[in-house]
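Participant: The structure follows.
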Amino acid sequence: MAAVRTTHWDRTVSIIGNLYPKDEASLAAEVDGVVERTLVDFGDRVSTGQDLAFIDTASYEALAEQAAGNLARAEASLRAARQDFARWEELKRSGIASASDYDQGKAQLEQAEAEVKASVAAQSVAQLDVNRSRVKAPFDGAIARRIAGKGDYVKVAAPLFEMVNDAVLKFIFQVPERYASLVQKQLPVRFSVDNYPGEIFTGNVYLISPAVSTASRAFGVGALVTNTGFRLKANTFARGTLVLQKDAPTLVIPLQAVVSFAGVTKVFVVENQIARSRNVVTGRIREGFQEILEGLAPGETVVVSGQNRLSDGTAVAPQSRISSPEGKSSPVEKESHDTR
């Protein structure tokens, strides 16, 4: 037999989820026109502000030049109107100009000023369209998909590219509601992915949903993962563990003490050298030891061999010793098979 012992394991919960890009965007056309050329394709890495495509830039540059010319003409008209109005003011002070002539000069000045404001606005819009005709990357990342190509005619809001920032990924997973009080930001996450078997990646919790799903009785959690060398791909399936508590006291018994049959997990607890069957709730297995979540208390003794010949009430006797999780030995006893 062996004693139920308390050791220190990290308290964890198993998790499965997906790795999403921290930022992603669907880049759309902001002007109408023919795509002159695209400069990138899927898989290309780009930096913030880099040109990705040109849409009828020559036409929009011509319109911007026209708007600049209209502004210059409006400014010249304004200068002339100011000079004329200054003369009307002088003539009015001299008593030569009539009030109606003065008012007409003032109206012409105000109209010229309004035309300049309208021309300034038109030039700003035209320059904005020039900038929008050059599609640029909104952040550092990679092109996930190119939708439009050279020669395509696109209208405003037509999709052009799909882009992701995969330098940092979000590992999104669900945690059962019974752990809600334990989940905090910065808790460590360890996980693996199928395309790197046996390799462990890490991250830290940074998002915690405030609501539990009524369907799954779980809540969403997100961990930030630095994608060193861009080895991990966005939208990859991942599985791992969330570390809820470091070195938490944990009840364990030797793995061979656990008996599972027909969906029932139990152990035989020795009470006054009599084996008593007891149902237990088990957790993790590590290095030959089974975590016990419910059903046992520290210091109790369990049978570790011959359980198939035992029934509730069978007498047992000592035999040898068995190692504990810390490498120490604990008493082990042999079943005597004498029934009382």
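Note on naming: chains are A, B, ... as they come in the structure tokens, residues start from 1 per chain, ligands start from 1 in the order shown.
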Counting only C-alpha atoms, which residues of range 147-182 of chain A fall within 7 Å of range 223-242 of chain A, and what is the closest atom pair for each with its distance in Å at one decimal, ordered by chain and rising number, as JSON lines?

Facilitator:
{"residue": "A:Asp166", "atom": "CA", "partner": "A:Ala234", "partner_atom": "CA", "distance": 6.5}
{"residue": "A:Ala167", "atom": "CA", "partner": "A:Asn227", "partner_atom": "CA", "distance": 5.1}
{"residue": "A:Val168", "atom": "CA", "partner": "A:Thr226", "partner_atom": "CA", "distance": 4.7}
{"residue": "A:Leu169", "atom": "CA", "partner": "A:Val225", "partner_atom": "CA", "distance": 5.1}
{"residue": "A:Lys170", "atom": "CA", "partner": "A:Leu224", "partner_atom": "CA", "distance": 4.9}
{"residue": "A:Phe171", "atom": "CA", "partner": "A:Ala223", "partner_atom": "CA", "distance": 5.0}
{"residue": "A:Ile172", "atom": "CA", "partner": "A:Ala223", "partner_atom": "CA", "distance": 6.6}

Participant: So that I can check the surroundings of range 141-155 of chain A, please list as a PyMOL selection string every protein, DNA and RNA residue that reaches within 6 Å of it, counting only C-alpha atoms and ignoring chain neighbours fewer than 6 positions away.

Facilitator: chain A and resi 32-37+41-46+161-165

Participant: List every residue of range 95-227 of chain A that DSSP, applied to the backbone of this structure, assigns to strand (DSSP E), and report them as a PyMOL selection string.

Facilitator: chain A and resi 134-136+141-146+153-154+159-176+188-193+201-208+218-226

Participant: Please produce an output containing N, CA and C atoms for each residue in the selection, written as a compact mmCIF listing (two decimals), in the first residue's frame.

Facilitator:
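The new file selection-v4.txt reads:
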# COMPACT_ATOMS: atom_id res chain seq x y z
N ARG A 134 -3.09 55.59 -54.18
CA ARG A 134 -1.91 54.77 -53.86
C ARG A 134 -2.26 53.97 -52.60
N VAL A 135 -2.57 52.71 -52.75
CA VAL A 135 -2.97 51.86 -51.62
C VAL A 135 -1.74 51.54 -50.79
N LYS A 136 -1.81 51.83 -49.48
CA LYS A 136 -0.66 51.66 -48.60
C LYS A 136 -0.97 50.70 -47.46
N GLY A 141 3.20 43.87 -41.43
CA GLY A 141 2.57 42.56 -41.47
C GLY A 141 2.85 41.83 -42.76
N ALA A 142 1.90 40.99 -43.16
CA ALA A 142 2.07 40.18 -44.36
C ALA A 142 0.76 40.16 -45.13
N ILE A 143 0.86 40.00 -46.44
CA ILE A 143 -0.31 39.90 -47.30
C ILE A 143 -0.83 38.47 -47.23
N ALA A 144 -2.07 38.31 -46.79
CA ALA A 144 -2.67 36.98 -46.71
C ALA A 144 -3.36 36.61 -48.02
N ARG A 145 -3.82 37.63 -48.76
CA ARG A 145 -4.54 37.35 -50.02
C ARG A 145 -4.56 38.60 -50.89
N ARG A 146 -4.29 38.43 -52.16
CA ARG A 146 -4.46 39.52 -53.13
C ARG A 146 -5.72 39.24 -53.93
N TYR A 153 -11.16 47.03 -62.94
CA TYR A 153 -11.81 48.29 -62.59
C TYR A 153 -12.49 48.10 -61.25
N VAL A 154 -12.16 48.97 -60.31
CA VAL A 154 -12.71 48.84 -58.97
C VAL A 154 -13.45 50.12 -58.59
N PRO A 159 -12.88 45.16 -52.44
CA PRO A 159 -11.73 44.57 -51.74
C PRO A 159 -10.52 44.42 -52.65
N LEU A 160 -9.35 44.69 -52.07
CA LEU A 160 -8.10 44.62 -52.82
C LEU A 160 -7.14 43.58 -52.22
N PHE A 161 -6.93 43.66 -50.90
CA PHE A 161 -5.99 42.76 -50.21
C PHE A 161 -6.56 42.38 -48.85
N GLU A 162 -6.13 41.22 -48.35
CA GLU A 162 -6.32 40.86 -46.95
C GLU A 162 -4.93 40.80 -46.32
N MET A 163 -4.81 41.46 -45.17
CA MET A 163 -3.49 41.62 -44.56
C MET A 163 -3.55 41.24 -43.09
N VAL A 164 -2.49 40.63 -42.57
CA VAL A 164 -2.44 40.24 -41.16
C VAL A 164 -1.12 40.70 -40.54
N ASN A 165 -1.20 40.98 -39.25
CA ASN A 165 0.00 41.22 -38.46
C ASN A 165 0.27 39.95 -37.66
N ASP A 166 1.18 39.12 -38.13
CA ASP A 166 1.45 37.84 -37.47
C ASP A 166 2.74 37.85 -36.66
N ALA A 167 3.30 39.05 -36.42
CA ALA A 167 4.46 39.12 -35.53
C ALA A 167 4.06 38.79 -34.11
N VAL A 168 2.81 39.12 -33.77
CA VAL A 168 2.23 38.75 -32.48
C VAL A 168 0.89 38.09 -32.77
N LEU A 169 0.66 36.93 -32.14
CA LEU A 169 -0.58 36.19 -32.36
C LEU A 169 -1.42 36.19 -31.08
N LYS A 170 -2.72 35.98 -31.26
CA LYS A 170 -3.64 35.84 -30.13
C LYS A 170 -4.09 34.38 -30.06
N PHE A 171 -3.77 33.72 -28.96
CA PHE A 171 -4.23 32.35 -28.73
C PHE A 171 -5.55 32.47 -27.98
N ILE A 172 -6.67 32.21 -28.67
CA ILE A 172 -8.00 32.33 -28.09
C ILE A 172 -8.52 30.94 -27.73
N PHE A 173 -8.95 30.78 -26.48
CA PHE A 173 -9.43 29.48 -26.01
C PHE A 173 -10.52 29.69 -24.98
N GLN A 174 -11.18 28.59 -24.59
CA GLN A 174 -12.26 28.62 -23.61
C GLN A 174 -11.79 27.98 -22.30
N VAL A 175 -12.25 28.55 -21.18
CA VAL A 175 -11.93 28.02 -19.85
C VAL A 175 -13.24 27.76 -19.12
N PRO A 176 -13.41 26.58 -18.51
CA PRO A 176 -14.64 26.30 -17.76
C PRO A 176 -14.90 27.34 -16.68
N PRO A 188 0.75 32.45 -17.29
CA PRO A 188 1.44 31.81 -18.40
C PRO A 188 0.60 30.74 -19.09
N VAL A 189 0.80 30.60 -20.38
CA VAL A 189 0.14 29.59 -21.21
C VAL A 189 1.22 28.82 -21.96
N ARG A 190 1.08 27.50 -21.96
CA ARG A 190 1.99 26.64 -22.73
C ARG A 190 1.16 25.85 -23.72
N PHE A 191 1.62 25.75 -24.98
CA PHE A 191 0.82 25.05 -25.98
C PHE A 191 1.72 24.48 -27.07
N SER A 192 1.13 23.59 -27.86
CA SER A 192 1.83 22.99 -28.99
C SER A 192 0.92 23.03 -30.21
N VAL A 193 1.54 22.89 -31.39
CA VAL A 193 0.80 22.86 -32.65
C VAL A 193 1.24 21.65 -33.44
N PHE A 201 5.40 26.11 -27.10
CA PHE A 201 5.40 27.56 -27.26
C PHE A 201 4.72 28.18 -26.04
N THR A 202 5.01 29.44 -25.79
CA THR A 202 4.48 30.09 -24.59
C THR A 202 3.84 31.43 -24.91
N GLY A 203 3.00 31.87 -24.00
CA GLY A 203 2.36 33.18 -24.09
C GLY A 203 1.86 33.59 -22.73
N ASN A 204 1.18 34.74 -22.67
CA ASN A 204 0.64 35.24 -21.41
C ASN A 204 -0.76 35.79 -21.63
N VAL A 205 -1.64 35.53 -20.67
CA VAL A 205 -3.03 35.98 -20.77
C VAL A 205 -3.09 37.50 -20.79
N TYR A 206 -3.88 38.05 -21.71
CA TYR A 206 -4.08 39.50 -21.75
C TYR A 206 -5.53 39.88 -21.99
N LEU A 207 -6.38 38.92 -22.37
CA LEU A 207 -7.81 39.18 -22.57
C LEU A 207 -8.62 38.16 -21.78
N ILE A 208 -9.63 38.63 -21.06
CA ILE A 208 -10.52 37.74 -20.31
C ILE A 208 -11.94 38.21 -20.55
N ALA A 218 -18.53 28.11 -20.31
CA ALA A 218 -17.12 28.48 -20.34
C ALA A 218 -17.02 29.93 -20.81
N PHE A 219 -15.86 30.52 -20.61
CA PHE A 219 -15.65 31.91 -21.02
C PHE A 219 -14.35 32.02 -21.83
N GLY A 220 -14.31 33.01 -22.68
CA GLY A 220 -13.17 33.16 -23.58
C GLY A 220 -11.98 33.84 -22.90
N VAL A 221 -10.80 33.35 -23.25
CA VAL A 221 -9.54 33.91 -22.75
C VAL A 221 -8.59 34.04 -23.94
N GLY A 222 -7.82 35.12 -23.96
CA GLY A 222 -6.85 35.33 -25.02
C GLY A 222 -5.46 35.54 -24.45
N ALA A 223 -4.48 34.89 -25.06
CA ALA A 223 -3.08 35.04 -24.65
C ALA A 223 -2.28 35.60 -25.81
N LEU A 224 -1.39 36.53 -25.52
CA LEU A 224 -0.50 37.07 -26.55
C LEU A 224 0.72 36.16 -26.70
N VAL A 225 1.06 35.88 -27.95
CA VAL A 225 2.18 34.98 -28.25
C VAL A 225 3.10 35.69 -29.23
N THR A 226 4.34 35.88 -28.84
CA THR A 226 5.33 36.46 -29.76
C THR A 226 5.73 35.41 -30.78

Participant: Interatomic distance between CA of Ala28 in chain A and CA of Ala68 in chain A?

Facilitator: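 Separation between CA of Ala28 in chain A and CA of Ala68 in chain A: 27.5 Å.
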
Participant: Select from range 48-228 of chain A everything DSSP, run on the backbone, classes as helix (DSSP H, G or I), then give the selection as a PyMOL selection string.

Facilitator: chain A and resi 57-93+99-132+177-179+228

Participant: Export C-alpha atoms of the chosen residues as a short mmCIF file (atom, residue, chain, number, x, y, z; two decimals), in the first residue's frame?

Facilitator:
data_model
loop_
_atom_site.label_atom_id
_atom_site.label_comp_id
_atom_site.auth_asym_id
_atom_site.auth_seq_id
_atom_site.Cartn_x
_atom_site.Cartn_y
_atom_site.Cartn_z
CA THR A 57 -3.06 57.66 -60.26
CA ALA A 58 -2.45 59.72 -63.44
CA SER A 59 -6.10 60.80 -63.59
CA TYR A 60 -6.21 61.82 -59.95
CA GLU A 61 -2.91 63.68 -60.20
CA ALA A 62 -4.31 65.59 -63.20
CA LEU A 63 -7.42 66.49 -61.22
CA ALA A 64 -5.21 67.70 -58.37
CA GLU A 65 -3.27 69.94 -60.77
CA GLN A 66 -6.55 71.30 -62.11
CA ALA A 67 -7.71 72.02 -58.56
CA ALA A 68 -4.44 73.83 -57.87
CA GLY A 69 -4.95 75.97 -61.00
CA ASN A 70 -8.51 76.84 -59.93
CA LEU A 71 -7.19 77.88 -56.53
CA ALA A 72 -4.54 80.10 -58.09
CA ARG A 73 -7.19 81.76 -60.25
CA ALA A 74 -9.48 82.29 -57.26
CA GLU A 75 -6.65 83.82 -55.25
CA ALA A 76 -5.87 86.22 -58.11
CA SER A 77 -9.53 87.23 -58.26
CA LEU A 78 -9.49 87.82 -54.52
CA ARG A 79 -6.48 90.11 -54.77
CA ALA A 80 -8.22 92.14 -57.50
CA ALA A 81 -11.44 92.31 -55.46
CA ARG A 82 -9.52 93.58 -52.44
CA GLN A 83 -7.89 96.31 -54.50
CA ASP A 84 -11.24 97.35 -55.97
CA PHE A 85 -12.87 97.41 -52.57
CA ALA A 86 -10.03 99.54 -51.17
CA ARG A 87 -10.70 102.10 -53.92
CA TRP A 88 -14.44 102.05 -53.20
CA GLU A 89 -13.70 102.70 -49.52
CA GLU A 90 -11.51 105.69 -50.44
CA LEU A 91 -14.13 107.09 -52.82
CA LYS A 92 -16.84 106.67 -50.20
CA ARG A 93 -14.80 108.58 -47.63
CA ALA A 99 -23.57 103.59 -51.06
CA SER A 100 -24.75 101.14 -53.70
CA ASP A 101 -21.35 101.16 -55.42
CA TYR A 102 -19.64 100.55 -52.09
CA ASP A 103 -22.00 97.69 -51.25
CA GLN A 104 -21.42 96.14 -54.69
CA GLY A 105 -17.65 96.25 -54.19
CA LYS A 106 -17.99 94.66 -50.76
CA ALA A 107 -20.18 91.89 -52.18
CA GLN A 108 -17.64 91.16 -54.90
CA LEU A 109 -14.91 90.91 -52.26
CA GLU A 110 -16.94 88.48 -50.14
CA GLN A 111 -17.69 86.36 -53.22
CA ALA A 112 -14.00 86.21 -54.09
CA GLU A 113 -13.15 85.14 -50.57
CA ALA A 114 -15.81 82.39 -50.73
CA GLU A 115 -14.43 81.16 -54.07
CA VAL A 116 -10.96 80.88 -52.55
CA LYS A 117 -12.31 78.82 -49.64
CA ALA A 118 -14.17 76.54 -52.06
CA SER A 119 -11.05 76.15 -54.22
CA VAL A 120 -8.92 75.32 -51.17
CA ALA A 121 -11.41 72.61 -50.19
CA ALA A 122 -11.53 71.25 -53.74
CA GLN A 123 -7.74 71.09 -53.88
CA SER A 124 -7.65 69.25 -50.51
CA VAL A 125 -10.14 66.68 -51.78
CA ALA A 126 -8.21 66.27 -55.02
CA GLN A 127 -4.94 65.76 -53.12
CA LEU A 128 -6.68 63.31 -50.81
CA ASP A 129 -7.83 61.31 -53.84
CA VAL A 130 -4.24 61.29 -55.12
CA ASN A 131 -3.13 59.80 -51.81
CA ARG A 132 -6.00 57.31 -51.81
CA GLU A 177 -16.52 28.70 -15.52
CA ARG A 178 -15.41 26.91 -12.33
CA TYR A 179 -11.95 28.42 -12.86
CA THR A 228 9.56 34.62 -33.23
#

Participant: Quick one: residues within 8 Å of Gln273 in chain A, only C-alpha atoms, excluding same-chain residues fewer than 5 positions away - as a VMD selection string?

Facilitator: chain A and resid 315 to 317

Participant: Measure the distance from CA of Ala180 in chain A to CA of Asn18 in chain A in Å and round it to one decimal.

Facilitator: 20.3 Å

Participant: Using only C-alpha atoms, which protein or nucleic acid residues come within 7 Å of range 11-13 of chain A? Drop anything in the same chain fewer than 5 positions from it, and give the result as a ChimeraX atom specification.

Facilitator: /A:241-246,248

Participant: From the options A:Asp140, A:Glu287, A:Asp51, A:Asp10, which residue's atoms come nearest to Lys22 in chain A, counting only C-alpha atoms?

Facilitator: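 That would be A:Asp140, the residue with the smallest distance to Lys22 in chain A.
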